[in-house]
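Visitor: Provided herewith: coords32.txt, compact mmCIF, C-alpha atoms and all ligand atoms.
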```txt
# COMPACT_ATOMS: atom_id res chain seq x y z
CA MET U 1 16.12 42.48 130.51
CA ALA U 2 12.68 42.64 128.95
CA MET U 3 12.22 40.60 125.78
CA ASP U 4 9.92 41.64 122.97
CA ARG U 5 7.44 39.07 121.70
CA ARG U 6 9.42 38.21 118.55
CA THR U 7 12.69 37.63 120.45
CA PHE U 8 10.88 35.50 123.00
CA LEU U 9 9.22 33.32 120.35
CA THR U 10 12.47 32.91 118.42
CA ALA U 11 14.38 31.96 121.57
CA ALA U 12 11.69 29.48 122.57
CA ALA U 13 11.40 27.99 119.09
CA LEU U 14 15.10 27.58 118.22
CA PRO U 15 15.95 24.62 120.46
CA CYS U 16 12.81 22.97 119.19
CA PHE U 17 13.85 23.47 115.53
CA ALA U 18 17.37 22.28 116.33
CA ALA U 19 16.02 19.13 117.99
CA ARG U 20 13.71 18.47 115.04
CA ALA U 21 16.50 19.04 112.53
CA ALA U 22 18.80 16.65 114.43
CA GLU U 23 16.04 14.08 114.57
CA SER U 24 15.40 14.38 110.87
CA GLU U 25 19.15 14.13 110.10
CA ALA U 26 19.38 10.99 112.24
CA ARG U 27 16.89 9.18 109.97
CA PHE U 28 19.36 9.38 107.09
CA THR U 29 22.44 8.43 109.10
CA LYS U 30 23.53 4.81 109.23
CA GLU U 31 26.88 3.22 109.90
CA ALA U 32 28.74 2.68 106.65
CA LYS U 33 29.39 -0.90 105.57
CA PHE U 34 32.80 -0.61 103.96
CA TYR U 35 35.55 1.03 105.99
CA GLU U 36 38.49 0.29 108.25
CA LYS U 37 39.22 1.87 111.62
CA LEU U 38 42.65 3.51 112.01
CA PRO U 39 44.47 4.89 115.07
CA TYR U 40 43.57 8.34 116.45
CA LYS U 41 39.91 8.03 115.43
CA LYS U 42 40.75 8.09 111.76
CA ILE U 43 39.09 5.79 109.24
CA LYS U 44 39.89 4.53 105.75
CA CYS U 45 36.89 4.23 103.42
CA LYS U 46 36.92 0.96 101.47
CA LEU U 47 33.94 1.64 99.26
CA CYS U 48 35.60 3.13 96.19
CA PRO U 49 39.16 3.10 94.88
CA ARG U 50 39.89 6.56 96.29
CA GLU U 51 40.26 5.02 99.75
CA CYS U 52 39.83 8.37 101.50
CA VAL U 53 41.53 8.54 104.90
CA ILE U 54 39.33 10.71 107.07
CA ASP U 55 39.81 12.44 110.42
CA ASP U 56 37.12 12.68 113.06
CA ARG U 57 34.31 15.10 112.04
CA GLU U 58 35.49 15.14 108.42
CA ARG U 59 33.92 13.78 105.25
CA GLY U 60 35.28 11.88 102.26
CA TYR U 61 35.64 13.24 98.73
CA CYS U 62 32.04 12.31 97.86
CA GLY U 63 30.72 14.55 100.67
CA VAL U 64 28.04 12.09 101.85
CA ARG U 65 30.01 10.01 104.37
CA GLU U 66 31.28 11.32 107.68
CA ASN U 67 33.65 10.19 110.41
CA ARG U 68 32.00 10.60 113.82
CA GLY U 69 34.29 9.71 116.68
CA GLY U 70 36.17 7.06 114.72
CA ALA U 71 33.14 5.34 113.18
CA TYR U 72 32.06 6.05 109.61
CA TYR U 73 28.50 6.93 108.58
CA THR U 74 26.53 7.38 105.40
CA LEU U 75 24.38 10.51 105.57
CA VAL U 76 22.17 9.59 102.62
CA HIS U 77 20.39 6.38 103.55
CA SER U 78 16.77 6.82 102.36
CA ARG U 79 17.52 10.48 101.55
CA VAL U 80 16.01 10.78 98.10
CA CYS U 81 16.58 14.08 96.30
CA ALA U 82 15.22 13.03 92.89
CA ALA U 83 12.44 10.56 92.05
CA HIS U 84 10.83 10.04 88.64
CA ILE U 85 9.13 7.32 86.67
CA ASP U 86 11.15 6.76 83.49
CA PRO U 87 11.12 4.24 80.66
CA ILE U 88 13.83 1.65 81.34
CA GLU U 89 15.13 2.48 77.83
CA LYS U 90 16.10 5.93 79.12
CA LYS U 91 18.76 4.49 81.48
CA PRO U 92 19.47 2.97 78.88
CA PHE U 93 18.78 -0.73 79.35
CA PHE U 94 17.76 -2.38 76.06
CA HIS U 95 17.90 -6.06 77.08
CA PHE U 96 16.30 -5.73 80.51
CA ALA U 97 12.50 -5.67 80.81
CA PRO U 98 11.99 -3.65 77.60
CA GLY U 99 8.94 -1.45 77.38
CA THR U 100 8.53 -1.14 81.16
CA MET U 101 8.86 1.84 83.50
CA ALA U 102 11.46 2.14 86.24
CA PHE U 103 10.86 3.95 89.53
CA SER U 104 14.04 6.02 89.47
CA VAL U 105 15.72 7.56 92.51
CA ALA U 106 18.90 9.36 93.53
CA THR U 107 20.56 10.90 96.54
CA ALA U 108 23.13 13.70 96.53
CA GLY U 109 26.81 13.00 95.95
CA CYS U 110 29.30 11.36 93.61
CA ASN U 111 32.81 9.92 93.88
CA VAL U 112 34.06 11.50 90.64
CA ASN U 113 33.51 14.89 88.98
CA CYS U 114 32.85 14.46 85.26
CA LYS U 115 33.13 17.66 83.26
CA MET U 116 30.13 16.55 81.15
CA CYS U 117 27.84 15.64 84.08
CA GLN U 118 24.15 16.19 83.26
CA ASN U 119 23.12 16.07 86.90
CA TRP U 120 25.91 18.08 88.48
CA ASP U 121 23.42 20.03 90.60
CA ILE U 122 22.81 16.91 92.71
CA SER U 123 25.95 14.85 92.06
CA GLN U 124 28.28 17.62 93.16
CA SER U 125 26.19 18.71 96.15
CA ARG U 126 26.32 17.77 99.78
CA PRO U 127 23.15 16.24 101.19
CA GLU U 128 22.27 19.40 103.12
CA GLN U 129 22.40 21.49 99.94
CA VAL U 130 19.49 19.80 98.17
CA ASP U 131 15.87 19.19 99.14
CA SER U 132 15.30 15.56 100.04
CA THR U 133 12.49 13.27 101.09
CA TYR U 134 12.71 10.41 103.57
CA PHE U 135 12.06 7.30 101.48
CA PRO U 136 12.91 4.16 103.48
CA PRO U 137 13.40 0.89 101.52
CA GLU U 138 9.97 -0.65 102.18
CA ARG U 139 8.20 2.56 101.24
CA LEU U 140 10.26 2.85 98.06
CA ALA U 141 9.45 -0.72 97.07
CA ALA U 142 5.75 -0.17 97.79
CA ALA U 143 5.73 3.08 95.78
CA ALA U 144 7.33 1.33 92.79
CA ARG U 145 4.78 -1.45 92.96
CA GLN U 146 1.89 0.96 93.31
CA ALA U 147 3.11 2.92 90.28
CA GLY U 148 3.17 -0.29 88.24
CA CYS U 149 6.98 -0.26 87.86
CA PRO U 150 8.55 -3.73 87.81
CA SER U 151 11.92 -2.21 88.73
CA ILE U 152 13.59 0.45 90.83
CA ALA U 153 16.47 2.25 89.09
CA TYR U 154 19.25 3.85 91.16
CA THR U 155 20.40 6.55 88.82
CA TYR U 156 20.96 10.29 88.07
CA SER U 157 23.84 10.72 90.58
CA GLU U 158 26.13 7.82 91.66
CA PRO U 159 24.63 4.81 93.47
CA VAL U 160 28.07 3.72 94.68
CA VAL U 161 28.03 6.53 97.25
CA PHE U 162 24.60 5.46 98.54
CA VAL U 163 25.28 1.74 98.32
CA GLU U 164 23.87 0.86 101.76
CA TYR U 165 20.51 2.27 100.67
CA VAL U 166 20.68 0.38 97.35
CA LEU U 167 21.40 -2.91 99.15
CA ASP U 168 18.51 -2.44 101.58
CA ALA U 169 16.08 -1.17 98.94
CA ALA U 170 16.94 -4.03 96.56
CA GLU U 171 16.15 -6.50 99.32
CA ALA U 172 12.86 -4.76 100.13
CA GLY U 173 12.12 -4.61 96.40
CA HIS U 174 12.58 -8.34 95.96
CA ALA U 175 10.29 -9.02 98.89
CA ALA U 176 7.66 -6.92 97.09
CA GLY U 177 8.33 -8.49 93.67
CA VAL U 178 10.22 -5.46 92.30
CA LYS U 179 13.63 -5.79 90.61
CA SER U 180 16.58 -3.41 91.02
CA ALA U 181 18.69 -1.86 88.25
CA VAL U 182 21.78 0.20 88.96
CA VAL U 183 23.17 2.95 86.70
CA THR U 184 26.76 3.63 87.72
CA GLY U 185 30.19 4.86 86.71
CA GLY U 186 31.54 1.60 88.15
CA TYR U 187 34.21 3.26 90.32
CA ILE U 188 33.87 0.85 93.24
CA GLN U 189 35.97 -1.70 95.11
CA GLU U 190 35.52 -5.41 94.57
CA ASP U 191 33.99 -6.38 97.92
CA PRO U 192 31.08 -3.87 97.83
CA LEU U 193 30.61 -4.62 94.14
CA LYS U 194 30.21 -8.33 94.83
CA GLN U 195 27.66 -7.58 97.53
CA LEU U 196 25.80 -5.38 95.08
CA CYS U 197 25.88 -8.11 92.44
CA ARG U 198 24.28 -10.52 94.89
CA ARG U 199 21.35 -8.15 95.48
CA VAL U 200 20.53 -6.38 92.22
CA ASP U 201 19.24 -7.63 88.87
CA ALA U 202 21.03 -5.43 86.35
CA ILE U 203 23.92 -2.97 86.26
CA LYS U 204 24.59 -0.44 83.55
CA VAL U 205 28.10 0.96 83.58
CA ASP U 206 28.97 4.32 82.08
CA LEU U 207 32.38 3.67 80.61
CA LYS U 208 33.38 7.27 80.16
CA GLY U 209 36.41 6.82 77.92
CA PHE U 210 39.01 4.26 77.05
CA SER U 211 42.22 5.94 78.23
CA GLU U 212 43.66 6.76 81.64
CA LYS U 213 44.36 10.26 80.32
CA PHE U 214 40.65 10.88 79.69
CA TYR U 215 39.71 9.51 83.10
CA LYS U 216 42.30 11.70 84.80
CA GLU U 217 41.54 14.92 82.94
CA VAL U 218 37.79 14.76 82.35
CA VAL U 219 36.42 12.43 85.04
CA ASN U 220 38.83 12.84 87.94
CA GLY U 221 38.94 9.05 88.27
CA GLU U 222 40.75 6.02 86.81
CA LEU U 223 39.94 3.63 83.97
CA LYS U 224 41.49 0.43 85.35
CA PRO U 225 39.12 -0.03 88.34
CA VAL U 226 36.13 0.50 86.04
CA LEU U 227 37.35 -2.24 83.69
CA ASN U 228 37.81 -4.49 86.73
CA THR U 229 34.22 -3.70 87.71
CA LEU U 230 32.93 -4.77 84.30
CA ALA U 231 34.88 -8.03 84.44
CA THR U 232 33.60 -8.76 87.97
CA ILE U 233 29.96 -8.09 87.03
CA ARG U 234 30.31 -10.50 84.14
CA LYS U 235 31.82 -13.18 86.38
CA GLN U 236 29.07 -12.69 88.97
CA GLY U 237 26.44 -13.28 86.30
CA VAL U 238 24.45 -10.06 86.70
CA TRP U 239 22.89 -8.56 83.59
CA ASN U 240 25.15 -5.78 82.34
CA GLU U 241 25.07 -3.13 79.61
CA ILE U 242 27.70 -0.52 78.79
CA VAL U 243 27.23 3.08 77.72
CA TYR U 244 29.96 5.12 76.11
CA LEU U 245 29.14 8.82 75.74
CA VAL U 246 31.08 10.01 72.68
CA ILE U 247 32.50 13.49 73.25
CA PRO U 248 33.91 15.29 70.21
CA GLY U 249 37.70 15.62 70.36
CA LEU U 250 38.01 14.00 73.81
CA ASN U 251 37.22 10.28 73.53
CA ASP U 252 36.23 9.75 69.88
CA SER U 253 39.37 8.40 68.18
CA GLU U 254 39.36 5.29 66.01
CA GLN U 255 42.00 3.85 68.32
CA GLU U 256 39.76 4.22 71.39
CA PHE U 257 36.72 2.68 69.65
CA GLN U 258 38.79 -0.24 68.46
CA GLY U 259 40.56 -0.74 71.80
CA LEU U 260 37.22 -0.66 73.59
CA ALA U 261 35.50 -3.12 71.23
CA ARG U 262 38.43 -5.54 71.38
CA TRP U 263 38.56 -5.35 75.16
CA VAL U 264 34.80 -5.95 75.51
CA LYS U 265 34.90 -8.93 73.16
CA SER U 266 37.91 -10.59 74.77
CA GLU U 267 37.06 -9.87 78.44
CA LEU U 268 33.26 -9.86 78.48
CA GLY U 269 32.26 -11.62 75.27
CA PRO U 270 30.39 -10.41 72.17
CA ASP U 271 26.91 -10.38 73.75
CA VAL U 272 27.23 -7.44 76.18
CA PRO U 273 25.21 -4.55 74.73
CA LEU U 274 27.34 -1.49 73.99
CA HIS U 275 25.58 1.86 73.53
CA PHE U 276 27.36 4.77 71.86
CA THR U 277 25.41 7.84 72.88
CA ARG U 278 25.38 11.40 71.61
CA PHE U 279 26.87 14.06 73.84
CA HIS U 280 25.02 17.34 74.43
CA PRO U 281 26.99 20.30 75.82
CA GLU U 282 26.62 20.34 79.63
CA TYR U 283 28.20 21.61 82.85
CA LEU U 284 31.93 22.28 82.23
CA LEU U 285 31.91 21.26 78.56
CA LYS U 286 29.39 23.75 77.22
CA ASN U 287 32.02 24.92 74.73
CA LEU U 288 31.84 21.67 72.72
CA ALA U 289 29.39 20.78 69.96
CA PRO U 290 27.03 17.78 70.13
CA THR U 291 28.50 14.56 68.73
CA PRO U 292 28.19 14.46 64.93
CA LEU U 293 26.13 11.48 63.78
CA PRO U 294 28.91 10.14 61.49
CA THR U 295 31.18 9.79 64.57
CA LEU U 296 28.59 7.61 66.33
CA GLU U 297 28.11 5.56 63.18
CA ARG U 298 31.87 5.10 62.89
CA ALA U 299 32.04 3.89 66.51
CA LYS U 300 29.30 1.37 65.78
CA ALA U 301 30.89 0.22 62.50
CA VAL U 302 34.25 -0.35 64.22
CA SER U 303 32.59 -2.36 67.03
CA ASP U 304 30.44 -4.38 64.62
CA ALA U 305 33.56 -5.20 62.61
CA GLU U 306 35.28 -6.41 65.79
CA GLY U 307 32.45 -8.91 66.25
CA LEU U 308 30.23 -7.38 68.96
CA HIS U 309 26.63 -8.50 68.54
CA TYR U 310 24.60 -5.70 70.10
CA VAL U 311 25.95 -2.23 69.36
CA TYR U 312 23.52 0.67 69.64
CA ILE U 313 23.43 4.37 68.86
CA GLY U 314 21.71 6.43 71.55
CA ASN U 315 20.27 9.95 71.90
CA VAL U 316 19.44 9.96 68.17
CA PRO U 317 15.70 9.17 68.19
CA GLY U 318 14.54 7.24 65.15
CA HIS U 319 17.99 5.91 64.16
CA PRO U 320 17.86 2.27 62.97
CA ALA U 321 20.67 1.41 65.41
CA GLU U 322 18.22 1.87 68.31
CA SER U 323 16.68 -1.52 67.48
CA THR U 324 17.96 -4.97 68.43
CA TYR U 325 18.86 -7.28 65.55
CA CYS U 326 19.27 -11.04 65.75
CA PRO U 327 22.97 -11.77 65.19
CA LYS U 328 22.09 -14.92 63.23
CA CYS U 329 19.27 -13.98 60.82
CA ARG U 330 19.77 -10.16 61.06
CA ARG U 331 16.01 -9.49 61.49
CA ALA U 332 14.90 -6.84 64.00
CA VAL U 333 13.76 -8.61 67.18
CA VAL U 334 13.05 -5.48 69.27
CA GLU U 335 12.07 -2.43 67.23
CA ARG U 336 12.50 0.91 68.99
CA ALA U 337 11.81 4.54 68.20
CA GLY U 338 13.26 6.72 70.95
CA TYR U 339 12.03 5.18 74.21
CA VAL U 340 9.04 3.53 72.56
CA ILE U 341 8.94 -0.17 71.66
CA ARG U 342 7.36 -0.51 68.21
CA GLY U 343 7.64 -4.28 67.93
CA MET U 344 8.82 -7.30 69.93
CA HIS U 345 9.65 -10.44 68.02
CA LEU U 346 10.99 -12.59 70.82
CA ASP U 347 9.63 -15.86 72.05
CA GLN U 348 10.88 -16.76 75.53
CA GLY U 349 14.11 -14.87 74.88
CA LYS U 350 14.62 -16.34 71.41
CA CYS U 351 14.42 -14.76 67.97
CA ARG U 352 10.93 -15.54 66.63
CA PHE U 353 12.30 -15.97 63.10
CA CYS U 354 15.30 -18.28 63.58
CA LYS U 355 15.11 -19.30 67.29
CA GLN U 356 18.52 -17.83 68.12
CA PRO U 357 18.71 -17.05 71.91
CA ILE U 358 19.04 -13.30 72.51
CA PRO U 359 20.77 -12.56 75.82
CA GLY U 360 18.90 -10.43 78.34
CA VAL U 361 16.13 -10.39 80.92
CA TRP U 362 12.93 -10.60 78.90
CA GLY U 363 9.74 -10.63 80.95
CA GLY U 364 9.92 -13.84 82.93
CA THR U 365 12.85 -15.26 80.93
CA SER U 366 16.54 -14.55 81.62
CA ILE U 367 19.24 -15.55 79.14
CA LEU U 368 22.63 -14.53 80.51
S1 LIG U 401 33.09 6.42 98.64
FE1 LIG U 401 33.47 8.57 99.13
S2 LIG U 401 34.55 8.56 101.08
FE2 LIG U 401 34.65 6.49 100.26
S3 LIG U 401 36.61 6.40 99.20
FE3 LIG U 401 35.05 6.94 97.69
S4 LIG U 401 35.02 9.18 97.63
FE4 LIG U 401 36.13 8.55 99.48
```
Show me, as structure tokens, the structure contained in the file I just sent.
Guide:
Amino acid sequence: MAMDRRTFLTAAALPCFAARAAESEARFTKEAKFYEKLPYKKIKCKLCPRECVIDDRERGYCGVRENRGGAYYTLVHSRVCAAHIDPIEKKPFFHFAPGTMAFSVATAGCNVNCKMCQNWDISQSRPEQVDSTYFPPERLAAAARQAGCPSIAYTYSEPVVFVEYVLDAAEAGHAAGVKSAVVTGGYIQEDPLKQLCRRVDAIKVDLKGFSEKFYKEVVNGELKPVLNTLATIRKQGVWNEIVYLVIPGLNDSEQEFQGLARWVKSELGPDVPLHFTRFHPEYLLKNLAPTPLPTLERAKAVSDAEGLHYVYIGNVPGHPAESTYCPKCRRAVVERAGYVIRGMHLDQGKCRFCKQPIPGVWGGTSIL
């Protein structure tokens, strides 16, 4: 049968495209670090508390890990779908390298499905559904350095589901003199978390609510493992901050604020920064209003009264509770306006006015 020119070119080109596509997919595919082999080529993922049991050629809940013939693979190693240079205050980290920029990256995928997700377009996608760039660890570290960023932030989606990449990139970063900061929901098992703690310099946990009911209905996850994560990070001695997004009518009761503040003080101590941030209607919660300012101020007042030292209000640019105050002399030691640092009154991690140590990672000084 005679072929026209177009059919001939398509037929000749297709195997070539297929080979190139397979080759490009292979760059992102690496054997997963945390799983268990089961009979009949099944595997059990041991990365997050879901413990997905997965048949051959199937993927876990997060959509970025696949069973191939009884071995488990991440499909998102070095597969960066978002990269920006952001102020570290945007993550937010307030006691970690203030006033610096973070080279911020994400891959597709997440192990929960929060109804208020701001980045649902990447977090709820499979890797093939979003445009990505191949960004191997050494290149990422070099790009951060070249851009003048003292840290790489793993953020926007959920770094737990691309943990192998985070571990490798953090190592490459350290070799290049660049720190690593993780922004996570903290839904991870203890073993991978400990490995992460050994490699990275700071972890911010989004504590999404303070009841199992909220976690079940709004997050599709569980509270208890996230609290375990916070306790483990503290024990491992990695710098940690907590963000609590206050959603009107869903996680904003006095009881939750008080329970949270008491838990933080008794299990983590009074020095862990706690940020109450304003919710803006997003994704599946577009029907709700933004958080009223008095609710955020109430959350802060309750936590202050419980004895926490560093309680912030976020997403309200210009609010006085964006600044850091010395718990001893009450003077402002880091003055902020939005993401901008207006004044730094610290001397080697100590209050310049009364010499009280302020916990955090300040330039070359760490006080944990
Ligand atoms: S990381 Fe993904 S595959 Fe593994 S248990 Fe969690 S959701 Fe399942």
Visitor: Could you report the residues within 8 Å of ligand LIG 401 (chain U), using all atoms listed in the file, as a PyMOL selection string?
Guide: chain U and resi 35+44-54+59-66+110-112+160-161+188
Visitor: Given the choices U:Met101, U:Val182, U:Cys117, U:Val166, which gets closest to U:Ala144 if the distance is worked out from only C-alpha atoms?
Guide: U:Met101
Visitor: Within 12 Å of (40.6, 7.9, 80.7) in the file's own coordinates, which protein, DNA or RNA residues have an atom, counting all atoms listed in the file? List them as an mmCIF file with C-alpha atoms, keeping the file's coordinate frame.
Guide:
```
data_model
loop_
_atom_site.group_PDB
_atom_site.id
_atom_site.type_symbol
_atom_site.label_atom_id
_atom_site.label_comp_id
_atom_site.auth_asym_id
_atom_site.auth_seq_id
_atom_site.Cartn_x
_atom_site.Cartn_y
_atom_site.Cartn_z
ATOM 1 C CA CYS U 114 32.850 14.460 85.260
ATOM 2 C CA LEU U 207 32.380 3.670 80.610
ATOM 3 C CA LYS U 208 33.380 7.270 80.160
ATOM 4 C CA GLY U 209 36.410 6.820 77.920
ATOM 5 C CA PHE U 210 39.010 4.260 77.050
ATOM 6 C CA SER U 211 42.220 5.940 78.230
ATOM 7 C CA GLU U 212 43.660 6.760 81.640
ATOM 8 C CA LYS U 213 44.360 10.260 80.320
ATOM 9 C CA PHE U 214 40.650 10.880 79.690
ATOM 10 C CA TYR U 215 39.710 9.510 83.100
ATOM 11 C CA LYS U 216 42.300 11.700 84.800
ATOM 12 C CA GLU U 217 41.540 14.920 82.940
ATOM 13 C CA VAL U 218 37.790 14.760 82.350
ATOM 14 C CA VAL U 219 36.420 12.430 85.040
ATOM 15 C CA ASN U 220 38.830 12.840 87.940
ATOM 16 C CA GLY U 221 38.940 9.050 88.270
ATOM 17 C CA GLU U 222 40.750 6.020 86.810
ATOM 18 C CA LEU U 223 39.940 3.630 83.970
ATOM 19 C CA LYS U 224 41.490 0.430 85.350
ATOM 20 C CA PRO U 225 39.120 -0.030 88.340
ATOM 21 C CA VAL U 226 36.130 0.500 86.040
ATOM 22 C CA LEU U 227 37.350 -2.240 83.690
ATOM 23 C CA TYR U 244 29.960 5.120 76.110
ATOM 24 C CA LEU U 250 38.010 14.000 73.810
ATOM 25 C CA ASN U 251 37.220 10.280 73.530
ATOM 26 C CA ASP U 252 36.230 9.750 69.880
ATOM 27 C CA GLU U 256 39.760 4.220 71.390
ATOM 28 C CA LEU U 260 37.220 -0.660 73.590
#
```
Visitor: Give me, please, the distance in Å between atom CA of U:Pro192 and atom CA of U:Gly173, quoted to one decimal.
Guide: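 Interatomic distance here is 19.0 Å.
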Visitor: Any chance you could work out the axis-aligned box around stretch 264-276 of chain U, listed atoms only, 4 Å on each side, giving centre and edge lengths in Å to one decimal, as AutoDock Vina command-line options?
Guide:
```
--center_x 31.6 --center_y -3.4 --center_z 75.2 --size_x 20.7 --size_y 24.4 --size_z 14.6
```
Visitor: Please determine the residues with any atom at most 10 Å from (21.6, -7.3, 68.5) (coordinates as given in the file, with only C-alpha atoms counting) and report them as a list in words.
Guide: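 Here the neighbourhood of the point contains Phe94, His95, Asp271, Val272, Pro273, Leu274, Leu308, His309, Tyr310, Val311, Tyr312, Ala321, Glu322, Ser323, Thr324, Tyr325, Cys326, Pro327, Lys328, Arg330, Arg331, Ala332, Val333, Val334, Ile358 and Pro359 of chain U.
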Visitor: Give me the residues within 10 Å of U:Ile367 as a list in words, counting all atoms listed in the file and dropping any in the same chain fewer than 4 places off.
Guide: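 The residues satisfying every condition are His95, Trp239, Gln348, Gly349, Lys350, Pro357, Ile358, Pro359, Gly360, Val361 and Trp362 of chain U.
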Visitor: For U:Thr133, list every protein, DNA or RNA residue within 7 Å, evaluated using only C-alpha atoms, and leave out those in the same chain fewer than 5 positions away; present the list as a PyMOL selection string.
Guide: chain U and resi 79-81
Visitor: Can you work out which one of U:Gly343, U:Gly307, U:Pro281, U:Pro150 has the shortest atom-to-atom distance to U:Arg262, counting all atoms listed in the file?
Guide: U:Gly307
Visitor: Can you list, as a count of residues only, every protein, DNA or RNA residue that comes within 8 Å of stretch 194-200 of chain U when you count all atoms listed in the file, leaving out same-chain residues fewer than 6 positions away?
Guide: 12
Visitor: With all atoms listed in the file as the basis for distance, which of U:Ser303, U:Ser151, U:Thr29, U:Thr291 is at the shortest distance from U:Gly259?
Guide: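 The closest residue to U:Gly259 is U:Ser303.
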Visitor: Please report the interatomic distance between atom CA of U:Ile85 and atom CA of U:Val130 in Å with one decimal.
Guide: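 For atom CA of U:Ile85 relative to atom CA of U:Val130, the distance reads 19.9 Å.
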Visitor: Measuring atom to atom with all atoms listed in the file, identify which of U:Tyr40, U:Val316, U:Pro98, U:Glu58 is nearest to U:Arg342.
Guide: U:Pro98
Visitor: Just the number, please: distance in Å from atom CA of U:Ala261 to atom CA of U:Ile313, one decimal.
Guide: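 Atom-to-atom, atom CA of U:Ala261 and atom CA of U:Ile313 are spaced 14.4 Å apart.
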Visitor: Using all atoms listed in the file, determine which residues lie at most 12 Å from U:Gln129, disregarding the query and same-chain residues fewer than 3 positions distant; provide the list as an mmCIF file with C-alpha atoms, in the coordinates of the input.
Guide:
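Generated file (part-v3.cif):
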```
data_model
loop_
_atom_site.group_PDB
_atom_site.id
_atom_site.type_symbol
_atom_site.label_atom_id
_atom_site.label_comp_id
_atom_site.auth_asym_id
_atom_site.auth_seq_id
_atom_site.Cartn_x
_atom_site.Cartn_y
_atom_site.Cartn_z
ATOM 1 C CA GLY U 63 30.720 14.550 100.670
ATOM 2 C CA VAL U 64 28.040 12.090 101.850
ATOM 3 C CA CYS U 81 16.580 14.080 96.300
ATOM 4 C CA THR U 107 20.560 10.900 96.540
ATOM 5 C CA ALA U 108 23.130 13.700 96.530
ATOM 6 C CA GLY U 109 26.810 13.000 95.950
ATOM 7 C CA ASP U 121 23.420 20.030 90.600
ATOM 8 C CA ILE U 122 22.810 16.910 92.710
ATOM 9 C CA SER U 123 25.950 14.850 92.060
ATOM 10 C CA GLN U 124 28.280 17.620 93.160
ATOM 11 C CA SER U 125 26.190 18.710 96.150
ATOM 12 C CA ARG U 126 26.320 17.770 99.780
ATOM 13 C CA SER U 132 15.300 15.560 100.040
#
```
Visitor: Write stretch 140-153 of chain U as a PDB file, keeping the file's coordinate frame, completed to N, CA and C atoms.
Guide:
```pdb
ATOM      1  N   LEU U 140       9.838   2.733  99.459  1.00  0.00           N
ATOM      2  CA  LEU U 140      10.260   2.850  98.060  1.00  0.00           C
ATOM      3  C   LEU U 140       9.737   1.669  97.239  1.00  0.00           C
ATOM      4  N   ALA U 141       9.912   0.471  97.786  1.00  0.00           N
ATOM      5  CA  ALA U 141       9.450  -0.720  97.070  1.00  0.00           C
ATOM      6  C   ALA U 141       7.937  -0.671  96.862  1.00  0.00           C
ATOM      7  N   ALA U 142       7.212  -0.244  97.904  1.00  0.00           N
ATOM      8  CA  ALA U 142       5.750  -0.170  97.790  1.00  0.00           C
ATOM      9  C   ALA U 142       5.349   0.886  96.760  1.00  0.00           C
ATOM     10  N   ALA U 143       6.065   2.009  96.732  1.00  0.00           N
ATOM     11  CA  ALA U 143       5.730   3.080  95.780  1.00  0.00           C
ATOM     12  C   ALA U 143       5.968   2.600  94.345  1.00  0.00           C
ATOM     13  N   ALA U 144       7.055   1.849  94.134  1.00  0.00           N
ATOM     14  CA  ALA U 144       7.330   1.330  92.790  1.00  0.00           C
ATOM     15  C   ALA U 144       6.221   0.386  92.352  1.00  0.00           C
ATOM     16  N   ARG U 145       5.830  -0.465  93.257  1.00  0.00           N
ATOM     17  CA  ARG U 145       4.780  -1.450  92.960  1.00  0.00           C
ATOM     18  C   ARG U 145       3.452  -0.756  92.643  1.00  0.00           C
ATOM     19  N   GLN U 146       3.153   0.232  93.481  1.00  0.00           N
ATOM     20  CA  GLN U 146       1.890   0.960  93.310  1.00  0.00           C
ATOM     21  C   GLN U 146       1.863   1.700  91.968  1.00  0.00           C
ATOM     22  N   ALA U 147       3.043   2.177  91.548  1.00  0.00           N
ATOM     23  CA  ALA U 147       3.110   2.920  90.280  1.00  0.00           C
ATOM     24  C   ALA U 147       3.167   1.975  89.078  1.00  0.00           C
ATOM     25  N   GLY U 148       3.150   0.673  89.335  1.00  0.00           N
ATOM     26  CA  GLY U 148       3.170  -0.290  88.240  1.00  0.00           C
ATOM     27  C   GLY U 148       4.558  -0.453  87.614  1.00  0.00           C
ATOM     28  N   CYS U 149       5.608  -0.127  88.380  1.00  0.00           N
ATOM     29  CA  CYS U 149       6.980  -0.260  87.860  1.00  0.00           C
ATOM     30  C   CYS U 149       7.555  -1.605  88.308  1.00  0.00           C
ATOM     31  N   PRO U 150       7.974  -2.453  87.393  1.00  0.00           N
ATOM     32  CA  PRO U 150       8.550  -3.730  87.810  1.00  0.00           C
ATOM     33  C   PRO U 150       9.980  -3.595  88.324  1.00  0.00           C
ATOM     34  N   SER U 151      10.551  -2.386  88.206  1.00  0.00           N
ATOM     35  CA  SER U 151      11.920  -2.210  88.730  1.00  0.00           C
ATOM     36  C   SER U 151      12.103  -0.839  89.361  1.00  0.00           C
ATOM     37  N   ILE U 152      13.098  -0.814  90.274  1.00  0.00           N
ATOM     38  CA  ILE U 152      13.590   0.450  90.830  1.00  0.00           C
ATOM     39  C   ILE U 152      14.923   0.690  90.145  1.00  0.00           C
ATOM     40  N   ALA U 153      15.156   1.921  89.666  1.00  0.00           N
ATOM     41  CA  ALA U 153      16.470   2.250  89.090  1.00  0.00           C
ATOM     42  C   ALA U 153      17.166   3.238  90.030  1.00  0.00           C
TER      43      ALA U 153
END
```
